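**Q** As input, take coords_10.pdb (PDB, C-alpha atoms):
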```pdb
ATOM      1  CA  MET T 947       0.561   4.741  13.526
ATOM      2  CA  LYS T 948      -1.447   1.616  12.587
ATOM      3  CA  LYS T 949      -4.641   3.697  12.748
ATOM      4  CA  ILE T 950      -3.056   6.255  10.387
ATOM      5  CA  LEU T 951      -2.246   3.492   7.918
ATOM      6  CA  LEU T 952      -5.775   2.093   7.972
ATOM      7  CA  ALA T 953      -7.228   5.589   7.586
ATOM      8  CA  LEU T 954      -4.935   6.328   4.630
ATOM      9  CA  LEU T 955      -5.898   3.137   2.802
ATOM     10  CA  CYS T 956      -9.605   3.759   3.474
ATOM     11  CA  VAL T 957      -9.418   7.378   2.306
ATOM     12  CA  SER T 958      -7.588   6.342  -0.854
ATOM     13  CA  GLY T 959     -10.248   3.776  -1.647
ATOM     14  CA  VAL T 960     -13.086   6.197  -0.965
ATOM     15  CA  LEU T 961     -11.321   8.774  -3.143
ATOM     16  CA  MET T 962     -11.346   6.418  -6.115
ATOM     17  CA  ALA T 963     -15.059   5.716  -5.597
ATOM     18  CA  THR T 964     -16.291   9.286  -5.037
ATOM     19  CA  ALA T 965     -14.028  11.549  -7.069
ATOM     20  CA  GLN T 966     -16.063  10.936 -10.216
ATOM     21  CA  ASN T 967     -18.982  12.853  -8.697
ATOM     22  CA  THR T 968     -16.932  16.048  -8.728
ATOM     23  CA  ASP T 969     -15.758  15.437 -12.301
ATOM     24  CA  VAL T 970     -19.316  15.753 -13.597
ATOM     25  CA  LYS T 971     -19.194  19.486 -12.953
ATOM     26  CA  LYS T 972     -16.287  19.900 -15.380
ATOM     27  CA  LYS T 973     -17.048  19.788 -19.111
ATOM     28  CA  THR T 974     -13.546  20.141 -20.528
ATOM     29  CA  ASP T 975     -13.142  18.137 -23.731
ATOM     30  CA  TYR T 976      -9.919  16.277 -22.955
ATOM     31  CA  SER T 977     -10.168  14.320 -26.207
ATOM     32  CA  LYS T 978      -8.715  17.406 -27.912
ATOM     33  CA  ILE T 979      -5.727  17.552 -25.536
ATOM     34  CA  ASP T 980      -2.636  15.364 -25.954
ATOM     35  CA  LEU T 981      -1.986  13.713 -22.575
ATOM     36  CA  SER T 982       0.459  11.087 -23.838
ATOM     37  CA  ASN T 983       3.534  12.970 -22.621
ATOM     38  CA  ARG T 984       2.151  14.499 -19.443
ATOM     39  CA  ALA T 985       4.147  14.262 -16.222
ATOM     40  CA  ASN T 986       2.293  11.924 -13.876
ATOM     41  CA  ASP T 987       4.447  10.030 -11.380
ATOM     42  CA  HIS T 988       6.609   8.125 -13.839
ATOM     43  CA  PHE T 989       9.103   7.622 -11.040
ATOM     44  CA  MET T 990       8.452   7.322  -7.315
ATOM     45  CA  ILE T 991      10.790   7.338  -4.313
ATOM     46  CA  GLN T 992       9.304   6.276  -0.973
ATOM     47  CA  TYR T 993      10.714   6.554   2.543
ATOM     48  CA  GLY T 994       9.073   6.024   5.906
ATOM     49  CA  MET T 995       8.311   3.831   8.900
ATOM     50  CA  ASP T 996       7.834   0.051   8.890
ATOM     51  CA  GLY T 997       6.134  -2.168  11.422
ATOM     52  CA  TRP T 998       4.727  -5.653  11.971
ATOM     53  CA  LEU T 999       1.116  -6.362  12.940
ATOM     54  CA  ASN T1000       0.322  -9.197  15.399
ATOM     55  CA  GLU T1001       3.948 -10.236  15.791
ATOM     56  CA  PRO T1002       4.883 -12.416  18.838
ATOM     57  CA  ASP T1003       6.417 -10.674  21.853
ATOM     58  CA  SER T1004       9.830 -12.197  21.147
ATOM     59  CA  ALA T1005       9.861 -10.644  17.665
ATOM     60  CA  LYS T1006       8.897  -7.071  18.506
ATOM     61  CA  PRO T1007      11.120  -4.588  16.625
ATOM     62  CA  SER T1008      12.488  -1.553  18.465
ATOM     63  CA  GLY T1009      13.465   1.882  17.215
ATOM     64  CA  PHE T1010      12.795   3.490  13.851
ATOM     65  CA  SER T1011      12.342   0.583  11.453
ATOM     66  CA  ARG T1012      12.115   1.976   7.942
ATOM     67  CA  HIS T1013      11.798   1.361   4.222
ATOM     68  CA  PHE T1014      13.253   2.842   1.062
ATOM     69  CA  ASN T1015      11.532   2.072  -2.262
ATOM     70  CA  PHE T1016      12.150   3.171  -5.835
ATOM     71  CA  TYR T1017       9.841   2.554  -8.817
ATOM     72  CA  ILE T1018       9.762   3.418 -12.513
ATOM     73  CA  MET T1019       6.128   3.682 -13.660
ATOM     74  CA  PHE T1020       4.054   3.766 -16.838
ATOM     75  CA  ASP T1021       0.872   5.841 -16.731
ATOM     76  CA  LYS T1022      -2.126   5.289 -19.025
ATOM     77  CA  PRO T1023      -4.996   7.828 -18.752
ATOM     78  CA  PHE T1024      -8.537   6.594 -19.372
ATOM     79  CA  LYS T1025     -10.027   8.040 -22.563
ATOM     80  CA  ALA T1026     -13.512   8.283 -21.058
ATOM     81  CA  ASN T1027     -12.272  10.240 -18.045
ATOM     82  CA  PRO T1028      -8.565  11.227 -17.963
ATOM     83  CA  HIS T1029      -8.871  12.303 -14.325
ATOM     84  CA  TYR T1030      -8.293   8.570 -13.853
ATOM     85  CA  SER T1031      -5.372   6.515 -15.077
ATOM     86  CA  ALA T1032      -3.763   3.124 -14.611
ATOM     87  CA  GLY T1033      -0.201   2.948 -13.348
ATOM     88  CA  ILE T1034       2.097  -0.068 -13.598
ATOM     89  CA  GLY T1035       5.793  -0.239 -12.924
ATOM     90  CA  LEU T1036       8.865  -2.049 -11.695
ATOM     91  CA  GLY T1037      11.230  -1.290  -8.872
ATOM     92  CA  LEU T1038      12.940  -2.262  -5.632
ATOM     93  CA  GLY T1039      11.445  -2.254  -2.160
ATOM     94  CA  SER T1040      13.674  -2.536   0.913
ATOM     95  CA  SER T1041      12.824  -2.829   4.596
ATOM     96  CA  ASN T1042      15.059  -2.554   7.661
ATOM     97  CA  MET T1043      13.592  -3.851  10.933
ATOM     98  CA  PHE T1044      15.627  -2.855  14.009
ATOM     99  CA  PHE T1045      15.834  -4.761  17.301
ATOM    100  CA  LYS T1046      17.170  -4.089  20.785
ATOM    101  CA  ASN T1047      18.714  -6.941  22.784
ATOM    102  CA  THR T1048      17.281  -9.434  20.272
ATOM    103  CA  TYR T1049      19.177 -11.779  17.974
ATOM    104  CA  VAL T1050      17.430 -12.964  14.807
ATOM    105  CA  ASN T1051      19.190 -16.184  13.813
ATOM    106  CA  LEU T1052      18.829 -16.596  10.044
ATOM    107  CA  LYS T1053      21.465 -19.342  10.010
ATOM    108  CA  SER T1054      19.552 -21.515  12.512
ATOM    109  CA  ASN T1055      18.844 -25.120  11.466
ATOM    110  CA  THR T1056      15.519 -25.122  13.351
ATOM    111  CA  THR T1057      12.093 -25.133  11.695
ATOM    112  CA  LYS T1058      11.072 -21.792  13.218
ATOM    113  CA  LEU T1059      13.073 -18.581  12.955
ATOM    114  CA  PRO T1060      14.469 -17.844  16.445
ATOM    115  CA  PHE T1061      14.072 -14.376  17.982
ATOM    116  CA  THR T1062      16.282 -14.652  21.075
ATOM    117  CA  ASN T1063      16.638 -12.208  23.966
ATOM    118  CA  VAL T1064      20.383 -11.661  24.423
ATOM    119  CA  SER T1065      20.418  -8.834  26.988
ATOM    120  CA  ALA T1066      22.168 -11.060  29.557
ATOM    121  CA  THR T1067      24.986 -12.129  27.247
ATOM    122  CA  ASP T1068      27.212 -10.745  24.493
ATOM    123  CA  HIS T1069      25.132  -8.986  21.868
ATOM    124  CA  PHE T1070      25.202  -6.246  19.250
ATOM    125  CA  SER T1071      24.314  -2.731  20.340
ATOM    126  CA  LYS T1072      22.693  -2.199  16.920
ATOM    127  CA  PHE T1073      20.950  -5.015  15.069
ATOM    128  CA  LYS T1074      18.620  -5.150  12.073
ATOM    129  CA  LEU T1075      16.874  -7.591   9.753
ATOM    130  CA  SER T1076      16.804  -6.371   6.151
ATOM    131  CA  THR T1077      14.867  -7.577   3.108
ATOM    132  CA  LEU T1078      15.064  -6.544  -0.530
ATOM    133  CA  PHE T1079      12.218  -7.272  -2.972
ATOM    134  CA  LEU T1080      11.808  -6.848  -6.717
ATOM    135  CA  GLU T1081       8.322  -5.332  -6.938
ATOM    136  CA  VAL T1082       5.596  -4.641  -9.489
ATOM    137  CA  PRO T1083       3.198  -1.890  -8.318
ATOM    138  CA  LEU T1084      -0.273  -1.502  -9.867
ATOM    139  CA  GLU T1085      -2.334   1.637  -9.193
ATOM    140  CA  LEU T1086      -5.689   3.149 -10.057
ATOM    141  CA  ARG T1087      -4.864   6.854 -10.023
ATOM    142  CA  TYR T1088      -6.885  10.065  -9.733
ATOM    143  CA  ALA T1089      -5.569  13.516 -10.661
ATOM    144  CA  GLN T1090      -7.525  16.689  -9.997
ATOM    145  CA  ASN T1091      -5.752  18.304 -12.939
ATOM    146  CA  PRO T1092      -5.378  15.751 -15.772
ATOM    147  CA  VAL T1093      -3.204  18.038 -17.914
ATOM    148  CA  THR T1094      -0.677  18.902 -15.205
ATOM    149  CA  PRO T1095      -1.136  16.347 -12.395
ATOM    150  CA  ASP T1096       1.940  17.672 -10.578
ATOM    151  CA  LYS T1097       0.054  20.929  -9.876
ATOM    152  CA  GLY T1098      -3.007  19.584  -8.126
ATOM    153  CA  PHE T1099      -4.511  17.079  -5.725
ATOM    154  CA  LYS T1100      -3.916  13.417  -6.528
ATOM    155  CA  GLY T1101      -4.534   9.997  -5.090
ATOM    156  CA  ALA T1102      -3.971   6.334  -5.865
ATOM    157  CA  PHE T1103      -5.136   2.950  -4.663
ATOM    158  CA  GLY T1104      -3.719  -0.392  -5.702
ATOM    159  CA  PHE T1105      -1.509  -3.388  -5.025
ATOM    160  CA  LYS T1106       2.131  -4.339  -5.289
ATOM    161  CA  PHE T1107       3.545  -7.799  -5.947
ATOM    162  CA  GLY T1108       7.075  -8.700  -4.940
ATOM    163  CA  THR T1109       9.624 -11.496  -5.035
ATOM    164  CA  LEU T1110      12.415 -11.711  -2.472
ATOM    165  CA  LEU T1111      15.913 -10.985  -3.747
ATOM    166  CA  LYS T1112      17.808 -10.952  -0.464
ATOM    167  CA  SER T1113      17.332 -11.137   3.305
ATOM    168  CA  TYR T1114      20.080 -10.648   5.854
ATOM    169  CA  THR T1115      20.864  -9.490   9.377
ATOM    170  CA  LYS T1116      23.467  -6.896  10.270
ATOM    171  CA  GLY T1117      24.917  -6.400  13.745
ATOM    172  CA  LYS T1118      27.195  -3.556  14.747
ATOM    173  CA  ASN T1119      29.398  -3.118  17.839
ATOM    174  CA  LEU T1120      29.482  -6.399  19.733
ATOM    175  CA  VAL T1121      29.190  -5.638  23.469
ATOM    176  CA  THR T1122      29.035  -7.529  26.758
ATOM    177  CA  ALA T1123      25.968  -7.734  28.987
ATOM    178  CA  THR T1124      27.261  -4.554  30.672
ATOM    179  CA  SER T1125      27.489  -2.748  27.295
ATOM    180  CA  GLN T1126      31.279  -2.808  27.034
ATOM    181  CA  SER T1127      32.610  -3.102  23.491
ATOM    182  CA  ILE T1128      34.378  -6.397  22.808
ATOM    183  CA  TYR T1129      35.988  -5.267  19.565
ATOM    184  CA  ASP T1130      36.134  -1.925  17.829
ATOM    185  CA  LYS T1131      32.809  -0.018  17.924
ATOM    186  CA  ASN T1132      32.689  -0.217  14.122
ATOM    187  CA  TYR T1133      32.827  -4.019  14.138
ATOM    188  CA  ILE T1134      30.099  -5.404  11.832
ATOM    189  CA  ALA T1135      28.807  -8.931  11.258
ATOM    190  CA  LYS T1136      26.346  -9.946   8.515
ATOM    191  CA  GLU T1137      24.406 -13.158   7.979
ATOM    192  CA  ALA T1138      22.290 -13.791   4.860
ATOM    193  CA  ASP T1139      19.661 -16.475   4.246
ATOM    194  CA  LYS T1140      16.200 -16.522   2.590
ATOM    195  CA  ARG T1141      15.029 -19.831   4.065
ATOM    196  CA  PHE T1142      12.621 -18.401   6.661
ATOM    197  CA  ILE T1143      11.248 -15.385   4.781
ATOM    198  CA  ASN T1144       8.173 -15.571   2.566
ATOM    199  CA  THR T1145       9.668 -15.125  -0.912
ATOM    200  CA  THR T1146       6.433 -13.738  -2.405
ATOM    201  CA  HIS T1147       4.504 -10.799  -1.027
ATOM    202  CA  ILE T1148       1.291  -9.067  -1.985
ATOM    203  CA  ALA T1149       0.362  -5.724  -0.417
ATOM    204  CA  VAL T1150      -2.515  -3.271  -0.720
ATOM    205  CA  THR T1151      -1.310   0.317  -1.178
ATOM    206  CA  GLY T1152      -2.670   3.863  -1.066
ATOM    207  CA  ARG T1153      -1.432   7.411  -1.667
ATOM    208  CA  ILE T1154      -2.931  10.870  -1.205
ATOM    209  CA  GLY T1155      -1.146  14.150  -1.759
ATOM    210  CA  TYR T1156      -0.657  17.334  -3.728
ATOM    211  CA  GLY T1157       1.774  17.861  -6.563
ATOM    212  CA  ASN T1158       4.914  15.772  -6.273
ATOM    213  CA  ILE T1159       4.556  14.837  -2.595
ATOM    214  CA  SER T1160       2.146  12.255  -1.195
ATOM    215  CA  LEU T1161       1.476  10.435   2.047
ATOM    216  CA  ASP T1162       1.603   6.702   1.351
ATOM    217  CA  GLY T1163       0.730   3.529   3.190
ATOM    218  CA  SER T1164       0.757  -0.202   2.568
ATOM    219  CA  TYR T1165      -0.367  -3.377   4.303
ATOM    220  CA  GLN T1166       1.068  -6.734   3.287
ATOM    221  CA  LEU T1167      -1.650  -9.343   2.769
ATOM    222  CA  THR T1168       0.802 -12.246   2.830
ATOM    223  CA  PRO T1169       2.619 -13.103   6.094
ATOM    224  CA  PHE T1170       6.248 -12.055   6.503
ATOM    225  CA  LEU T1171       7.472 -15.559   7.361
ATOM    226  CA  LYS T1172       6.816 -18.846   5.635
ATOM    227  CA  THR T1173       4.110 -20.959   7.292
ATOM    228  CA  PRO T1174       6.393 -23.303   9.299
ATOM    229  CA  ALA T1175       8.886 -20.560  10.198
ATOM    230  CA  GLY T1176       6.855 -18.735  12.868
ATOM    231  CA  GLY T1177       3.745 -16.745  13.688
ATOM    232  CA  LYS T1178       1.589 -15.214  10.950
ATOM    233  CA  PHE T1179       2.350 -11.515  11.285
ATOM    234  CA  ASN T1180       2.080  -8.969   8.479
ATOM    235  CA  PRO T1181       4.253  -5.957   7.627
ATOM    236  CA  TYR T1182       2.813  -2.469   7.196
ATOM    237  CA  SER T1183       4.344   0.901   6.323
ATOM    238  CA  VAL T1184       3.540   4.601   6.422
ATOM    239  CA  GLY T1185       5.694   7.214   4.725
ATOM    240  CA  LEU T1186       6.192   9.868   2.076
ATOM    241  CA  THR T1187       6.351   9.516  -1.695
ATOM    242  CA  LEU T1188       8.380  11.900  -3.869
ATOM    243  CA  SER T1189       7.259  11.533  -7.475
ATOM    244  CA  GLY T1190       7.813  13.225 -10.797
ATOM    245  CA  LEU T1191       8.303  13.135 -14.587
TER     246      LEU T1191
END
```
Turn the structure described in the file into structure tokens.
**A**
Amino acid sequence: MKKILLALLCVSGVLMATAQNTDVKKKTDYSKIDLSNRANDHFMIQYGMDGWLNEPDSAKPSGFSRHFNFYIMFDKPFKANPHYSAGIGLGLGSSNMFFKNTYVNLKSNTTKLPFTNVSATDHFSKFKLSTLFLEVPLELRYAQNPVTPDKGFKGAFGFKFGTLLKSYTKGKNLVTATSQSIYDKNYIAKEADKRFINTTHIAVTGRIGYGNISLDGSYQLTPFLKTPAGGKFNPYSVGLTLSGL
């Protein structure tokens, strides 16, 4: 999956650099067409898989870790070539990292965030670490059809900048080392603290697709944890974008 992410980001970047060669063949005078109210990804919903790159063995997530993002975007086509446009927006980005037999202790008073193996003691059968960021995405966009971008090939390459709103862990169904429930199976415990998590993130992003559906990927350039809180590992994601308006 990491190779797919790298390929997606590379293809998106190459797309931005080479698509102009194909535009030369088209002589449509877009200056006579009003593109101010065109539909071109003014909202985006993203869902897919999350992972960490170069994380320590004790911090390896397990299962289908995933994200859910929502953005409202402004789109400004370039007058010289409206196949290209600049997109800027605002939205929320959330990530849920799941663990098996691992306890992530956000309330710890240690310098480093502990990732503790708890398979031999009482533990939660389901456990996740969640983060919520307020994000500003910036994109250089390409649309095969500038007039109706939702009816043709499109791509985007850019960055997103985020500030941490909330980080918390959620455990469900506390069990013994032999997997026997201690309380009701719906028992839930939450712990919230932002002390260990890097409160600012910067990620490189890419999208390629057709119409209102795109394959997207991102790689966070800033480490997930603050410098004294643990190893320098970086989040990445691969998923689908549903866009419109």
**Q** From the list T:Lys1074, T:His1013, T:Lys1022, T:Lys1006, which residue is nearest Gly1117 of chain T when using all atoms listed in the file?
**A**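 Comparing T:Lys1074, T:His1013, T:Lys1022, T:Lys1006 against Gly1117 of chain T, the winner is T:Lys1074.
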**Q** Measuring atom to atom with all atoms listed in the file, identify which of T:Thr974, T:Gln992, T:Thr1077, T:Asn1063 is nearest to Thr1187 of chain T.
**A**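 Closest residue, counting all atoms listed in the file: T:Gln992.
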**Q** Name the residues in contact with Leu1161 of chain T at a cut-off of 7 Å, using only C-alpha atoms, excluding same-chain residues fewer than 4 positions from it; report them as a list in words.
**A**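 Within the cut-off, the hits are Arg1153, Ile1154, Gly1155, Gly1185, Leu1186 and Thr1187 of chain T.
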**Q** Identify which of the residues T:Thr1109, T:Gln1090, T:Ser1071, T:Asn986 lies closest to Leu1036 of chain T, counting all atoms listed in the file when measuring atom-to-atom distances.
**A**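 Among T:Thr1109, T:Gln1090, T:Ser1071, T:Asn986, it is T:Thr1109 that comes nearest to Leu1036 of chain T.
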**Q** Would you write out, as a PyMOL selection string, every residue that the PyMOL selection byres ((chain T and resi 998) around 12) captures in this file?
**A** chain T and resi 947-948+995-997+999-1003+1005-1008+1011-1012+1041-1044+1164-1171+1177-1184
**Q** Mind pulling up the distance from atom CA of Gly1039 of chain T to atom CA of Asn1055 of chain T?
**A**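 That distance, rounded to one decimal, is 27.6 Å.
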**Q** Which value, in Å to one decimal, gives the distance between atom CA of Thr1048 of chain T and atom CA of Thr1122 of chain T?
**A**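 Between atom CA of Thr1048 of chain T and atom CA of Thr1122 of chain T the gap is 13.6 Å.
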**Q** Find, counting all atoms listed in the file, the residue in T:Asn1027, T:Ser1076, T:Thr1145, T:Asn1051 that gets nearest to Tyr1088 of chain T.
**A** T:Asn1027
**Q** Would you write out, as a PyMOL selection string, every residue that the PyMOL selection byres ((chain T and resi 1135) around 6) captures in this file?
**A** chain T and resi 1116-1117+1134+1136
**Q** Kindly give the distance, in Å, that separates atom CA of Leu1191 of chain T and atom CA of Ala1032 of chain T, rounded to a single decimal.
**A**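 Computing the Euclidean distance for atom CA of Leu1191 of chain T and atom CA of Ala1032 of chain T yields 15.7 Å.
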**Q** What would the selection look like, as a VMD selection string, if the PyMOL selection byres ((chain T and resi 1121) around 12) were run on the coordinates I just shared?
**A** chain T and resid 1047 1064 to 1073 1117 to 1120 1122 to 1134
**Q** Could you save those same residues with C-alpha atoms as a short mmCIF file (atom, residue, chain, number, x, y, z; two decimals), in the coordinates of the input?
**A**
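File written: again06.cif
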```
data_model
loop_
_atom_site.label_atom_id
_atom_site.label_comp_id
_atom_site.auth_asym_id
_atom_site.auth_seq_id
_atom_site.Cartn_x
_atom_site.Cartn_y
_atom_site.Cartn_z
CA ASN T 1047 18.71 -6.94 22.78
CA VAL T 1064 20.38 -11.66 24.42
CA SER T 1065 20.42 -8.83 26.99
CA ALA T 1066 22.17 -11.06 29.56
CA THR T 1067 24.99 -12.13 27.25
CA ASP T 1068 27.21 -10.74 24.49
CA HIS T 1069 25.13 -8.99 21.87
CA PHE T 1070 25.20 -6.25 19.25
CA SER T 1071 24.31 -2.73 20.34
CA LYS T 1072 22.69 -2.20 16.92
CA PHE T 1073 20.95 -5.01 15.07
CA GLY T 1117 24.92 -6.40 13.74
CA LYS T 1118 27.20 -3.56 14.75
CA ASN T 1119 29.40 -3.12 17.84
CA LEU T 1120 29.48 -6.40 19.73
CA THR T 1122 29.04 -7.53 26.76
CA ALA T 1123 25.97 -7.73 28.99
CA THR T 1124 27.26 -4.55 30.67
CA SER T 1125 27.49 -2.75 27.30
CA GLN T 1126 31.28 -2.81 27.03
CA SER T 1127 32.61 -3.10 23.49
CA ILE T 1128 34.38 -6.40 22.81
CA TYR T 1129 35.99 -5.27 19.57
CA ASP T 1130 36.13 -1.92 17.83
CA LYS T 1131 32.81 -0.02 17.92
CA ASN T 1132 32.69 -0.22 14.12
CA TYR T 1133 32.83 -4.02 14.14
CA ILE T 1134 30.10 -5.40 11.83
#
```
**Q** So which one's closest to Pro1028 of chain T, T:Phe1045, T:Phe1014, T:Phe1142, T:Arg984? Using all atoms listed in the file, please.
**A** T:Arg984
**Q** Which polymer residues have any atom within 12 Å of an atom of Pro1095 of chain T, counting all atoms listed in the file, with same-chain residues fewer than 5 positions away left out, as a list in words?
**A**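 Here the answer would be Leu981, Asn983, Arg984, Ala985, Asn986, Asp987, His988, Asp1021, Pro1023, Pro1028, His1029, Tyr1030, Ser1031, Arg1087, Tyr1088, Ala1089, Gln1090, Lys1100, Gly1101, Gly1155, Tyr1156, Gly1157, Asn1158, Ile1159, Ser1189, Gly1190 and Leu1191 of chain T.
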**Q** Using only C-alpha atoms for the distances, tell me which of T:Ile1143, T:Asp1096, T:Leu1084, T:Thr1062 is nearest to Ser1113 of chain T.
**A**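 Ranked by minimum distance to Ser1113 of chain T, first place goes to T:Ile1143.
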**Q** For a cutoff of 10 Å around the file-coordinate point (15.6, -18.3, 15.9), which residues qualify once you count only C-alpha atoms? I'd like the result as a VMD selection string.
**A** chain T and resid 1004 to 1005 1049 to 1062 1142 1175 to 1176
